[in-house]
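Engineer: The structure file upload.cif (mmCIF, C-alpha atoms) is provided below.
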```cif
data_run
#
loop_
_atom_site.label_atom_id
_atom_site.label_comp_id
_atom_site.auth_asym_id
_atom_site.auth_seq_id
_atom_site.Cartn_x
_atom_site.Cartn_y
_atom_site.Cartn_z
CA MET J 1 171.30 72.48 147.95
CA LEU J 2 169.81 73.82 144.73
CA LYS J 3 171.28 76.81 142.98
CA ILE J 4 169.72 78.07 139.79
CA GLN J 5 171.60 80.80 137.95
CA ASN J 6 170.33 82.75 134.99
CA LEU J 7 168.33 79.82 133.66
CA HIS J 8 166.87 80.24 130.19
CA ALA J 9 164.78 77.49 128.67
CA GLY J 10 162.02 76.90 126.18
CA ILE J 11 160.18 74.38 124.09
CA GLU J 12 160.09 74.06 120.30
CA GLY J 13 161.94 77.32 119.87
CA LYS J 14 159.58 79.24 122.13
CA LYS J 15 161.34 80.83 125.10
CA ILE J 16 159.55 80.37 128.39
CA LEU J 17 162.13 80.91 131.12
CA ASN J 18 164.07 84.15 130.81
CA GLY J 19 166.76 84.08 133.46
CA ILE J 20 165.68 82.39 136.65
CA ASN J 21 167.81 82.83 139.76
CA LEU J 22 166.93 80.85 142.84
CA GLU J 23 168.75 79.30 145.72
CA ILE J 24 167.28 76.72 148.06
CA ARG J 25 169.04 75.60 151.22
CA PRO J 26 168.36 72.44 153.24
CA GLY J 27 165.36 72.70 155.55
CA GLU J 28 163.67 75.42 153.52
CA VAL J 29 160.28 75.51 151.89
CA HIS J 30 159.99 77.71 148.83
CA ALA J 31 156.81 78.52 146.96
CA ILE J 32 156.65 79.62 143.37
CA MET J 33 153.49 81.40 142.38
CA GLY J 34 152.44 83.12 139.23
CA PRO J 35 149.68 83.53 136.68
CA ASN J 36 148.95 80.97 133.96
CA GLY J 37 151.68 80.72 131.38
CA SER J 38 154.32 82.36 133.55
CA GLY J 39 156.58 79.30 133.34
CA LYS J 40 155.93 77.60 136.68
CA SER J 41 155.42 74.11 135.33
CA THR J 42 158.20 74.58 132.79
CA LEU J 43 160.61 75.29 135.61
CA ALA J 44 159.53 72.09 137.38
CA SER J 45 159.88 70.08 134.15
CA VAL J 46 163.31 71.51 133.35
CA LEU J 47 164.57 70.67 136.82
CA ALA J 48 163.27 67.10 136.48
CA GLY J 49 164.91 66.78 133.07
CA ARG J 50 162.05 66.51 130.62
CA LYS J 51 163.78 66.33 127.27
CA GLU J 52 161.22 68.30 125.25
CA PHE J 53 162.50 71.41 127.03
CA GLU J 54 165.75 72.92 125.82
CA VAL J 55 167.99 74.84 128.15
CA SER J 56 169.65 77.62 126.22
CA ASN J 57 171.56 79.31 129.01
CA GLY J 58 172.33 79.20 132.71
CA THR J 59 173.40 76.65 135.29
CA VAL J 60 171.70 74.53 137.90
CA GLU J 61 173.71 73.06 140.72
CA PHE J 62 172.16 70.34 142.89
CA LEU J 63 174.11 69.06 145.90
CA GLY J 64 177.34 70.11 144.25
CA LYS J 65 176.61 68.47 140.90
CA ASP J 66 175.69 69.96 137.55
CA LEU J 67 172.04 68.98 137.45
CA LEU J 68 171.57 69.74 133.76
CA ASP J 69 174.25 67.21 132.92
CA LEU J 70 172.39 64.32 134.56
CA SER J 71 169.74 62.06 133.02
CA PRO J 72 166.27 62.25 134.57
CA GLU J 73 166.77 58.90 136.34
CA ALA J 74 170.13 60.04 137.74
CA ARG J 75 168.48 63.20 139.07
CA ALA J 76 165.97 60.99 140.86
CA GLY J 77 168.85 58.93 142.20
CA GLU J 78 170.54 62.08 143.50
CA GLY J 79 167.40 62.86 145.45
CA LEU J 80 165.25 65.08 143.28
CA PHE J 81 161.57 64.21 143.27
CA LEU J 82 158.82 65.74 141.16
CA ALA J 83 155.21 65.26 142.20
CA PHE J 84 153.43 65.50 138.86
CA GLN J 85 150.59 67.86 138.19
CA TYR J 86 149.00 65.11 136.11
CA PRO J 87 150.30 61.74 137.31
CA ILE J 88 150.59 59.26 134.45
CA GLU J 89 148.62 56.03 134.19
CA ILE J 90 150.27 52.73 133.34
CA PRO J 91 147.56 50.12 132.72
CA GLY J 92 148.12 46.66 134.18
CA LEU J 93 151.21 47.62 136.19
CA SER J 94 150.48 47.35 139.90
CA THR J 95 151.33 50.42 141.93
CA THR J 96 153.26 48.30 144.41
CA ASN J 97 155.38 46.73 141.67
CA PHE J 98 156.12 50.16 140.21
CA ILE J 99 157.16 51.61 143.56
CA LYS J 100 159.28 48.55 144.35
CA THR J 101 161.15 48.92 141.06
CA ALA J 102 161.62 52.64 141.65
CA VAL J 103 162.87 52.17 145.22
CA ASN J 104 165.36 49.50 144.18
CA GLU J 105 166.63 51.43 141.14
CA VAL J 106 167.22 54.46 143.34
CA ARG J 107 168.93 52.33 145.99
CA LYS J 108 171.20 50.85 143.31
CA TYR J 109 172.10 54.35 142.18
CA ARG J 110 172.93 55.34 145.74
CA GLY J 111 175.07 52.24 146.19
CA GLN J 112 172.70 50.65 148.71
CA ASP J 113 171.57 47.02 148.71
CA THR J 114 168.32 46.40 146.92
CA LEU J 115 165.40 45.37 149.09
CA ASP J 116 163.90 41.91 148.83
CA ALA J 117 160.14 41.38 149.02
CA VAL J 118 160.16 41.15 152.82
CA GLY J 119 162.28 44.24 153.35
CA PHE J 120 160.25 46.19 150.85
CA LEU J 121 156.94 45.24 152.45
CA LYS J 122 158.24 46.31 155.82
CA LEU J 123 159.24 49.72 154.48
CA MET J 124 155.94 50.05 152.68
CA LYS J 125 153.89 49.17 155.77
CA GLU J 126 155.81 51.74 157.76
CA LYS J 127 155.23 54.51 155.22
CA MET J 128 151.61 53.49 154.72
CA ALA J 129 150.98 54.00 158.40
CA LEU J 130 152.75 57.36 158.28
CA MET J 131 150.77 58.57 155.29
CA ASN J 132 147.43 56.89 156.15
CA MET J 133 147.64 55.16 152.81
CA ASP J 134 145.14 52.51 151.90
CA GLN J 135 146.38 49.07 150.86
CA SER J 136 143.73 48.71 148.15
CA LEU J 137 145.12 51.67 146.24
CA LEU J 138 148.55 50.08 146.06
CA SER J 139 147.36 46.83 144.54
CA ARG J 140 145.54 48.62 141.74
CA PRO J 141 147.20 49.40 138.40
CA LEU J 142 149.31 52.56 138.58
CA ASN J 143 147.02 55.61 138.65
CA GLU J 144 144.51 53.82 136.44
CA GLY J 145 140.99 54.79 137.45
CA PHE J 146 142.32 56.74 140.44
CA SER J 147 140.41 59.86 141.43
CA GLY J 148 142.27 63.18 141.39
CA GLY J 149 142.82 62.99 145.13
CA GLU J 150 144.03 59.39 144.99
CA LYS J 151 146.55 60.23 142.28
CA LYS J 152 148.02 63.07 144.33
CA ARG J 153 148.14 60.96 147.48
CA ASN J 154 149.91 58.30 145.50
CA GLU J 155 152.49 60.89 144.40
CA ILE J 156 153.16 61.90 147.99
CA PHE J 157 153.31 58.25 149.03
CA GLN J 158 155.97 57.62 146.39
CA MET J 159 157.82 60.63 147.77
CA ALA J 160 157.73 59.01 151.21
CA MET J 161 159.08 55.77 149.77
CA LEU J 162 161.88 57.38 147.77
CA GLN J 163 162.98 59.79 150.50
CA PRO J 164 164.17 62.59 148.24
CA LYS J 165 166.40 65.51 149.27
CA LEU J 166 164.41 68.01 147.26
CA ALA J 167 160.74 67.55 146.48
CA ILE J 168 159.11 69.67 143.79
CA LEU J 169 155.34 69.76 143.99
CA ASP J 170 153.92 70.84 140.66
CA GLU J 171 150.44 72.26 141.28
CA THR J 172 149.75 69.39 143.61
CA ASP J 173 146.64 71.22 144.81
CA SER J 174 145.02 71.46 141.37
CA GLY J 175 141.77 69.56 141.16
CA LEU J 176 141.66 68.78 144.86
CA ASP J 177 139.00 69.69 147.38
CA ILE J 178 139.96 71.18 150.71
CA ASP J 179 140.03 67.86 152.57
CA ALA J 180 142.28 66.28 149.97
CA ILE J 181 144.60 69.29 150.06
CA ARG J 182 144.88 68.94 153.81
CA ILE J 183 145.71 65.23 153.58
CA VAL J 184 148.35 65.80 150.90
CA ALA J 185 149.85 68.77 152.74
CA ASN J 186 150.02 66.84 156.01
CA GLY J 187 151.89 64.12 154.18
CA VAL J 188 154.41 66.59 152.83
CA ASN J 189 154.87 68.20 156.24
CA LYS J 190 155.52 64.85 157.89
CA LEU J 191 158.30 64.16 155.43
CA ALA J 192 160.05 67.51 155.89
CA THR J 193 163.34 67.36 157.79
CA GLN J 194 166.34 69.57 158.46
CA ASP J 195 168.15 68.07 155.49
CA THR J 196 165.39 68.17 152.93
CA ALA J 197 163.77 71.00 151.06
CA VAL J 198 160.50 71.52 149.27
CA LEU J 199 159.67 73.63 146.25
CA VAL J 200 155.93 74.17 145.94
CA VAL J 201 154.66 75.35 142.59
CA THR J 202 151.13 76.63 142.92
CA HIS J 203 148.53 78.90 141.54
CA TYR J 204 146.60 79.60 144.69
CA GLN J 205 147.48 80.61 148.17
CA ARG J 206 145.29 77.99 149.86
CA LEU J 207 147.86 75.17 149.68
CA LEU J 208 150.30 77.47 151.48
CA ASP J 209 147.93 77.61 154.45
CA TYR J 210 148.97 74.02 155.05
CA ILE J 211 152.48 73.86 153.64
CA VAL J 212 153.88 77.08 155.07
CA PRO J 213 156.71 78.44 152.94
CA ASP J 214 159.78 80.27 154.17
CA PHE J 215 159.97 82.17 150.90
CA VAL J 216 157.48 83.05 148.20
CA HIS J 217 158.60 83.88 144.69
CA VAL J 218 156.43 85.34 141.99
CA LEU J 219 157.13 84.14 138.51
CA TYR J 220 156.01 86.33 135.65
CA LYS J 221 156.97 85.99 132.01
CA GLY J 222 159.73 83.56 132.81
CA ARG J 223 161.39 85.61 135.54
CA ILE J 224 161.15 85.83 139.27
CA VAL J 225 159.93 89.38 139.63
CA LYS J 226 159.28 89.46 143.34
CA SER J 227 160.38 87.43 146.35
CA GLY J 228 159.31 87.75 149.92
CA PRO J 229 158.18 86.04 153.10
CA LYS J 230 154.98 84.01 153.28
CA GLU J 231 152.85 87.16 153.65
CA LEU J 232 153.52 87.86 149.99
CA ALA J 233 151.26 84.95 149.10
CA LEU J 234 148.42 86.53 151.07
CA GLU J 235 148.96 89.83 149.38
CA LEU J 236 148.81 88.13 145.99
CA GLU J 237 145.61 86.36 146.92
CA GLU J 238 144.05 89.66 147.90
CA ARG J 239 145.21 91.85 145.07
CA GLY J 240 145.54 89.33 142.25
CA TYR J 241 148.49 89.07 139.94
CA ASP J 242 147.66 92.33 138.21
CA PHE J 243 149.50 94.46 140.71
CA ILE J 244 152.64 92.48 139.99
CA LYS J 245 152.16 93.02 136.29
CA ASN J 246 151.80 96.73 136.87
CA GLU J 247 154.63 96.95 139.32
CA THR J 248 157.15 95.27 137.09
CA ASN J 249 158.03 96.35 133.65
CA VAL J 250 159.02 93.11 132.09
CA THR J 251 159.33 93.54 128.41
CA GLU J 252 158.28 90.76 126.10
CA GLU J 253 161.23 88.95 124.66
CA VAL J 254 160.94 87.48 121.21
CA MET N 255 152.73 25.91 112.83
CA THR N 256 149.24 24.98 113.84
CA LYS N 257 147.90 23.05 116.77
CA ARG N 258 144.32 21.96 116.96
CA GLY N 259 142.35 20.51 119.82
CA ILE N 260 138.92 19.08 119.98
CA CYS N 261 136.57 19.37 122.93
CA LYS N 262 134.76 16.12 122.25
CA GLY N 263 132.87 15.40 125.44
CA THR N 264 130.30 17.53 127.21
CA ASN N 265 131.68 20.14 129.61
CA SER N 266 135.20 19.70 128.27
CA LYS N 267 137.69 22.54 128.06
CA ILE N 268 140.84 23.43 126.16
CA SER N 269 142.92 26.49 126.94
CA TRP N 270 145.86 27.64 124.82
CA THR N 271 148.38 30.11 126.17
CA GLN N 272 151.23 31.29 123.98
CA VAL N 273 154.08 33.72 124.34
CA GLU N 274 155.48 34.36 120.90
CA THR N 275 158.80 36.14 120.46
CA GLY N 276 160.83 33.92 118.19
CA SER N 277 161.07 33.57 114.45
CA SER N 278 161.52 36.06 111.64
CA ILE N 279 158.19 35.01 110.22
CA THR N 280 155.54 33.33 112.30
CA TRP N 281 152.18 31.98 111.28
CA LYS N 282 150.50 30.28 114.19
CA TYR N 283 146.86 29.58 114.89
CA PRO N 284 146.24 27.15 117.75
CA SER N 285 142.59 26.18 117.41
CA VAL N 286 139.76 24.55 119.27
CA ILE N 287 136.84 22.57 117.89
CA LEU N 288 134.03 22.89 120.39
CA LYS N 289 132.08 19.75 119.59
CA GLY N 290 130.80 18.64 123.00
CA ASP N 291 127.85 20.50 124.46
CA ASN N 292 128.79 23.08 127.12
CA SER N 293 132.46 22.85 126.18
CA THR N 294 134.83 25.82 126.53
CA GLY N 295 137.77 27.00 124.46
CA GLU N 296 140.26 29.67 125.47
CA PHE N 297 143.15 31.35 123.73
CA TYR N 298 145.57 33.68 125.49
CA SER N 299 148.40 35.13 123.49
CA VAL N 300 151.25 37.58 123.78
CA ALA N 301 153.18 38.15 120.59
CA VAL N 302 156.20 40.44 120.47
CA THR N 303 157.89 41.51 117.26
CA ASN N 304 161.00 43.63 116.86
CA ASN N 305 163.37 44.63 114.06
CA ARG N 306 161.92 43.21 110.82
CA GLN N 307 159.99 40.32 112.29
CA GLN N 308 156.57 39.44 110.94
CA ALA N 309 154.08 37.66 113.15
CA ASP N 310 150.64 36.64 112.04
CA THR N 311 148.97 34.69 114.77
CA GLY N 312 145.59 34.00 116.24
CA THR N 313 143.18 31.18 116.73
CA LYS N 314 140.13 29.41 115.39
CA MET N 315 137.21 28.74 117.66
CA LEU N 316 134.78 26.42 115.89
CA HIS N 317 131.52 26.18 117.79
CA VAL N 318 129.72 22.96 116.88
CA GLY N 319 127.95 21.87 120.06
CA ARG N 320 125.29 23.69 122.03
CA ASN N 321 126.05 26.18 124.84
CA THR N 322 129.69 26.26 123.83
CA LYS N 323 131.83 29.18 124.99
CA SER N 324 135.09 30.66 123.80
CA ARG N 325 137.30 33.47 124.98
CA ILE N 326 140.17 35.03 123.07
CA VAL N 327 142.66 37.48 124.59
CA SER N 328 145.43 38.56 122.26
CA LYS N 329 148.12 41.10 123.10
CA GLY N 330 150.43 42.20 120.32
CA ILE N 331 153.51 44.32 120.89
CA SER N 332 155.38 45.71 117.88
CA ALA N 333 158.72 47.50 117.84
CA GLY N 334 161.36 48.43 115.28
CA PHE N 335 160.20 47.85 111.70
CA SER N 336 158.07 44.84 112.54
CA ASN N 337 154.50 43.93 111.77
CA ASN N 338 152.28 42.09 114.18
CA SER N 339 148.89 40.75 113.13
CA TYR N 340 146.09 39.04 114.92
CA ARG N 341 144.08 36.82 112.59
CA GLY N 342 141.33 34.74 114.10
CA LEU N 343 138.20 32.92 113.14
CA VAL N 344 135.14 32.50 115.29
CA GLN N 345 132.70 30.17 113.60
CA VAL N 346 129.31 29.28 115.00
CA GLY N 347 127.67 26.30 113.25
CA LYS N 348 123.93 26.06 112.74
CA ASN N 349 123.42 23.61 115.61
CA ALA N 350 125.51 25.58 118.11
CA SER N 351 122.60 27.18 119.96
CA ASN N 352 123.50 29.70 122.64
CA ALA N 353 127.14 29.73 121.65
CA ARG N 354 129.07 32.55 123.26
CA ASN N 355 132.32 34.19 122.24
CA PHE N 356 134.27 37.13 123.55
CA SER N 357 137.43 38.32 121.81
CA GLN N 358 139.78 41.06 122.88
CA CYS N 359 142.74 42.17 120.78
CA ASP N 360 145.04 44.84 122.12
CA SER N 361 148.05 46.18 120.30
CA LEU N 362 150.91 48.25 121.64
CA LEU N 363 153.29 50.14 119.38
CA LEU N 364 156.84 51.21 120.19
CA GLY N 365 158.15 53.80 117.80
CA ASP N 366 156.61 54.91 114.53
CA LYS N 367 158.01 52.41 112.02
CA CYS N 368 156.11 49.32 113.17
CA GLY N 369 152.61 48.10 112.48
CA ALA N 370 149.78 46.34 114.29
CA HIS N 371 146.87 44.73 112.50
CA THR N 372 143.74 42.90 113.54
CA PHE N 373 141.78 40.59 111.23
CA PRO N 374 138.84 39.06 113.02
CA TYR N 375 136.81 36.63 110.92
CA ILE N 376 133.35 35.92 112.27
CA GLU N 377 130.97 33.40 110.70
CA VAL N 378 127.72 32.84 112.47
CA LYS N 379 124.99 30.45 111.35
CA ASN N 380 122.94 30.30 114.52
CA SER N 381 120.84 33.25 115.57
CA THR N 382 120.86 32.42 119.29
CA SER N 383 124.61 32.93 119.62
CA ILE N 384 126.42 36.01 120.89
CA VAL N 385 129.80 36.98 119.46
CA GLU N 386 131.75 39.99 120.70
CA HIS N 387 134.99 41.51 119.52
CA GLU N 388 136.92 44.37 121.11
CA ALA N 389 140.17 45.84 119.87
CA THR N 390 142.47 48.63 120.98
CA THR N 391 145.73 50.06 119.70
CA SER N 392 147.98 52.23 121.81
CA LYS N 393 151.47 53.57 121.88
CA ILE N 394 153.96 53.72 124.74
CA GLY N 395 153.91 57.39 125.59
CA GLU N 396 156.93 59.59 126.20
CA ASP N 397 154.99 60.68 129.27
CA GLN N 398 154.93 57.16 130.67
CA ILE N 399 158.66 56.75 130.11
CA PHE N 400 159.43 60.12 131.67
CA TYR N 401 157.26 59.35 134.68
CA CYS N 402 159.30 56.17 135.25
CA ASN N 403 162.57 58.08 134.66
CA GLN N 404 161.61 60.63 137.29
CA ARG N 405 161.24 57.80 139.79
CA GLY N 406 164.77 56.62 139.04
CA ILE N 407 163.87 53.95 136.46
CA ASP N 408 165.88 53.91 133.22
CA ASN N 409 164.30 53.62 129.76
CA GLU N 410 164.76 49.91 129.31
CA THR N 411 163.37 48.97 132.69
CA ALA N 412 160.51 51.39 132.10
CA VAL N 413 159.58 49.71 128.82
CA ALA N 414 159.71 46.29 130.48
CA LEU N 415 157.36 47.49 133.23
CA ILE N 416 154.91 49.00 130.77
CA ILE N 417 154.95 45.91 128.53
CA ASN N 418 154.42 43.55 131.41
CA GLY N 419 151.50 45.65 132.61
CA PHE N 420 150.05 45.53 129.12
CA ALA N 421 150.43 41.75 128.84
CA LYS N 422 149.40 40.99 132.39
CA GLU N 423 146.04 39.41 131.60
CA VAL N 424 147.80 36.74 129.56
CA MET N 425 150.80 36.38 131.86
CA ASN N 426 148.42 35.63 134.70
CA GLN N 427 147.42 32.46 132.85
CA LEU N 428 150.93 31.08 132.98
CA PRO N 429 152.32 29.00 135.83
CA MET N 430 154.41 31.14 138.21
CA GLU N 431 157.88 29.91 137.17
CA PHE N 432 157.08 30.26 133.50
CA ALA N 433 155.55 33.71 133.95
CA VAL N 434 158.80 34.96 135.50
CA GLU N 435 160.77 33.61 132.53
CA ALA N 436 158.27 35.02 130.05
CA GLN N 437 158.55 38.48 131.59
CA LYS N 438 162.32 38.41 131.16
CA LEU N 439 161.93 37.13 127.62
CA LEU N 440 159.71 40.07 126.72
CA ALA N 441 162.24 42.50 128.14
CA ILE N 442 165.10 40.88 126.20
CA SER N 443 163.13 40.82 122.95
CA LEU N 444 162.62 44.54 123.17
CA GLU N 445 166.09 45.53 124.32
CA GLY N 446 167.30 48.63 122.54
CA SER N 447 163.95 49.39 120.97
CA VAL N 448 163.48 52.64 122.86
CA GLY N 449 166.25 55.20 122.65
#
```
As structure tokens, what does this structure read like?
Structural biologist:
Amino acid sequence: MLKIQNLHAGIEGKKILNGINLEIRPGEVHAIMGPNGSGKSTLASVLAGRKEFEVSNGTVEFLGKDLLDLSPEARAGEGLFLAFQYPIEIPGLSTTNFIKTAVNEVRKYRGQDTLDAVGFLKLMKEKMALMNMDQSLLSRPLNEGFSGGEKKRNEIFQMAMLQPKLAILDETDSGLDIDAIRIVANGVNKLATQDTAVLVVTHYQRLLDYIVPDFVHVLYKGRIVKSGPKELALELEERGYDFIKNETNVTEEV
Amino acid sequence: MTKRGICKGTNSKISWTQVETGSSITWKYPSVILKGDNSTGEFYSVAVTNNRQQADTGTKMLHVGRNTKSRIVSKGISAGFSNNSYRGLVQVGKNASNARNFSQCDSLLLGDKCGAHTFPYIEVKNSTSIVEHEATTSKIGEDQIFYCNQRGIDNETAVALIINGFAKEVMNQLPMEFAVEAQKLLAISLEGSVG
């Protein structure tokens, strides 16, 4: 589904990713872990198409298409979803209106009929029940005055509405207490199918207690230096990232 | 162009709502003379400027009678090389005891070549009155646009959504059919202003 080969990228001339290789197949859950500044969020941003980041080398194939060639909105249309680490506020714009626009734009891209108000409400009610989402949140302005937990739940709710093929969760656990993590993780698990995949970017192991990965990758200095089964996350939690730093001799690139 | 209304009787009310997108140069100050006791004046405005347009608009609220109230909500959106000013007068005469005014002026900038200005004039001759003025200036963030993009929404639609959110307080004052038209008008006025 997603095939990243030798991806190099950076921002404002500073190199952050130094040759990422990663393949994700349908039905899989991958976790990317790593210390601060290792490039985790950069990888998520590059995949979503944030234009501040420049790709200097490498290829990314998504469902047979050259991902790097597509605009951010086309990537969303193809089925790539990024749950933001810091969801953005848009004052005055109701969350419902925003989601309706997003759903219909994506449907247009996929060549489906756009939903009218009745059809949209029906879909929304269905997903609200699935995600235990509160109506009051959806009538408020987008993310404005939302608590950390509400923002993250709103991200996962949008994921449910847009039905992506690949969901990237960028530090979705940051700033959440254990109960909120459980709610968000349950939401993600409910949405997982045989045809979809999830890439979890996280700092801590605790989210992976709830979203159990098939593979764990450790990112360090812009490279995946170690990959393994889910037990690797536990090992990291126990021993810290230092053992990875010692184990690998990644030289600083200028 | 200037319209004026007078609230002559007690408990009377005048409310102006304007959506301004048109001319190259606009000076417009719809005003209310609050003569009757307990009368109310309101002014709701959205002004959009693009390219090299200049808009200088606002209102005059002249409090003459007692217990008179006025409320001003002005939303200015500037794009391109345009300049958008709010210029308003709130005047409380010496007999206007307990007069009350609240003004809010918010400006939104698209790009870095446009300007937003606020000139509130306040003249108060009665010490029992309360006059408040709030103003904000903000910019459409790259972050907001990218967030919309990531949900499948292209730049132009994203700007329209953000603008309509920004102007919502005023749009809510319009009758339904007109509000729908006004929303489209805002989107058209700003077409091509974000690359």
Engineer: To verify the selection step, state as a PyMOL selection string which residues the PyMOL selection byres ((chain N) within 12 of (chain J)) yields on this input.
Structural biologist: chain N and resi 362+392-426
Engineer: Restricting it to C-alpha atoms, dump the selection as an mmCIF file, in the frame of the given file.
Structural biologist:
```
data_model
loop_
_atom_site.group_PDB
_atom_site.id
_atom_site.type_symbol
_atom_site.label_atom_id
_atom_site.label_comp_id
_atom_site.auth_asym_id
_atom_site.auth_seq_id
_atom_site.Cartn_x
_atom_site.Cartn_y
_atom_site.Cartn_z
ATOM 1 C CA LEU N 362 150.910 48.250 121.640
ATOM 2 C CA SER N 392 147.980 52.230 121.810
ATOM 3 C CA LYS N 393 151.470 53.570 121.880
ATOM 4 C CA ILE N 394 153.960 53.720 124.740
ATOM 5 C CA GLY N 395 153.910 57.390 125.590
ATOM 6 C CA GLU N 396 156.930 59.590 126.200
ATOM 7 C CA ASP N 397 154.990 60.680 129.270
ATOM 8 C CA GLN N 398 154.930 57.160 130.670
ATOM 9 C CA ILE N 399 158.660 56.750 130.110
ATOM 10 C CA PHE N 400 159.430 60.120 131.670
ATOM 11 C CA TYR N 401 157.260 59.350 134.680
ATOM 12 C CA CYS N 402 159.300 56.170 135.250
ATOM 13 C CA ASN N 403 162.570 58.080 134.660
ATOM 14 C CA GLN N 404 161.610 60.630 137.290
ATOM 15 C CA ARG N 405 161.240 57.800 139.790
ATOM 16 C CA GLY N 406 164.770 56.620 139.040
ATOM 17 C CA ILE N 407 163.870 53.950 136.460
ATOM 18 C CA ASP N 408 165.880 53.910 133.220
ATOM 19 C CA ASN N 409 164.300 53.620 129.760
ATOM 20 C CA GLU N 410 164.760 49.910 129.310
ATOM 21 C CA THR N 411 163.370 48.970 132.690
ATOM 22 C CA ALA N 412 160.510 51.390 132.100
ATOM 23 C CA VAL N 413 159.580 49.710 128.820
ATOM 24 C CA ALA N 414 159.710 46.290 130.480
ATOM 25 C CA LEU N 415 157.360 47.490 133.230
ATOM 26 C CA ILE N 416 154.910 49.000 130.770
ATOM 27 C CA ILE N 417 154.950 45.910 128.530
ATOM 28 C CA ASN N 418 154.420 43.550 131.410
ATOM 29 C CA GLY N 419 151.500 45.650 132.610
ATOM 30 C CA PHE N 420 150.050 45.530 129.120
ATOM 31 C CA ALA N 421 150.430 41.750 128.840
ATOM 32 C CA LYS N 422 149.400 40.990 132.390
ATOM 33 C CA GLU N 423 146.040 39.410 131.600
ATOM 34 C CA VAL N 424 147.800 36.740 129.560
ATOM 35 C CA MET N 425 150.800 36.380 131.860
ATOM 36 C CA ASN N 426 148.420 35.630 134.700
#
```
Engineer: Using the chain letters and numbers from this file, what does the PyMOL selection byres ((chain N and resi 268-278) around 8) select? Give the answer as a compact mmCIF listing (two decimals) with C-alpha atoms, in the coordinates of the input.
Structural biologist:
```txt
# COMPACT_ATOMS: atom_id res chain seq x y z
CA GLY N 259 142.35 20.51 119.82
CA ILE N 260 138.92 19.08 119.98
CA CYS N 261 136.57 19.37 122.93
CA SER N 266 135.20 19.70 128.27
CA LYS N 267 137.69 22.54 128.06
CA ILE N 279 158.19 35.01 110.22
CA THR N 280 155.54 33.33 112.30
CA PRO N 284 146.24 27.15 117.75
CA VAL N 286 139.76 24.55 119.27
CA THR N 294 134.83 25.82 126.53
CA GLY N 295 137.77 27.00 124.46
CA GLU N 296 140.26 29.67 125.47
CA PHE N 297 143.15 31.35 123.73
CA TYR N 298 145.57 33.68 125.49
CA SER N 299 148.40 35.13 123.49
CA VAL N 300 151.25 37.58 123.78
CA ALA N 301 153.18 38.15 120.59
CA VAL N 302 156.20 40.44 120.47
CA THR N 303 157.89 41.51 117.26
CA ARG N 306 161.92 43.21 110.82
CA GLN N 307 159.99 40.32 112.29
CA GLN N 308 156.57 39.44 110.94
CA ALA N 309 154.08 37.66 113.15
CA VAL N 424 147.80 36.74 129.56
CA GLN N 427 147.42 32.46 132.85
CA LEU N 428 150.93 31.08 132.98
CA ALA N 436 158.27 35.02 130.05
CA LEU N 439 161.93 37.13 127.62
CA LEU N 440 159.71 40.07 126.72
CA SER N 443 163.13 40.82 122.95
```
Engineer: Translate the PyMOL selection byres ((chain J and resi 42) around 10), as applied to the file shown, into an explicit residue set as a PyMOL selection string.
Structural biologist: chain J and resi 9-11+16-17+37-41+43-48+50+53+170+222
Engineer: Could you list, as a ChimeraX atom specification, every residue within 6 Å of J:Leu2, counting all atoms listed in the file and ignoring same-chain residues fewer than 5 positions away?
Structural biologist: /J:23-24,61-62
Engineer: Got a sec: who's within 7 Å of stretch 375-387 of chain N, counting only C-alpha atoms, leaving out chain neighbours fewer than 6 positions off, as a ChimeraX atom specification?
Structural biologist: /N:342-358
Engineer: If you measure from atom CA of N:Arg341 to atom CA of N:Gly369, what distance in Å do you get, rounded to one decimal?
Structural biologist: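 Atom-to-atom, atom CA of N:Arg341 and atom CA of N:Gly369 are spaced 14.1 Å apart.
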Engineer: For the point (169.0, 84.4, 131.4) in the file's frame, write as a tab-separated table (two decimals) with C-alpha atoms, in the frame of the given file all residues with an atom no more than 6 Å away, counting only C-alpha atoms.
Structural biologist:
```
chain	number	residue	atom	x	y	z
J	6	ASN	CA	170.33	82.75	134.99
J	7	LEU	CA	168.33	79.82	133.66
J	8	HIS	CA	166.87	80.24	130.19
J	18	ASN	CA	164.07	84.15	130.81
J	19	GLY	CA	166.76	84.08	133.46
```
Engineer: Can you pull out every residue within 10 Å of J:Asn132, counting all atoms listed in the file, but drop anything in the same chain fewer than 6 positions away, and send it as a PyMOL selection string?
Structural biologist: chain J and resi 126+153+157+183+187
Engineer: With distances taken over all atoms listed in the file, which residue among N:Pro429, N:Arg325, N:Gly365, N:Ser285 lies nearest N:Thr311?
Structural biologist: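 So, comparing all the options, the nearest one is N:Ser285.
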Engineer: What separation in Å, quoted to one decimal, exists between atom CA of N:Glu431 and atom CA of J:Asp116?
Structural biologist: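 Computed distance, atom CA of N:Glu431 to atom CA of J:Asp116, equals 17.8 Å.
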Engineer: When you count only C-alpha atoms, which of these residues is closest to N:Leu288: N:Gly446, N:Gly312, N:Gly263, N:Gly330?
Structural biologist: N:Gly263
Engineer: What is the distance, in Å and to one decimal place, between atom CA of N:Tyr283 and atom CA of N:Lys262?
Structural biologist: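 For atom CA of N:Tyr283 relative to atom CA of N:Lys262, the distance reads 19.5 Å.
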Engineer: Do a neighbour search on N:Gly319 at 6 Å with only C-alpha atoms, toss out local chain neighbours closer than 2 positions, and write the hits as a PyMOL selection string.
Structural biologist: chain N and resi 289-291+350
Engineer: Identify which of the residues J:Arg206, J:Leu138, J:Gln163, J:Gln194 lies closest to J:Ile178, counting all atoms listed in the file when measuring atom-to-atom distances.
Structural biologist: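 Nearest to J:Ile178: J:Arg206.
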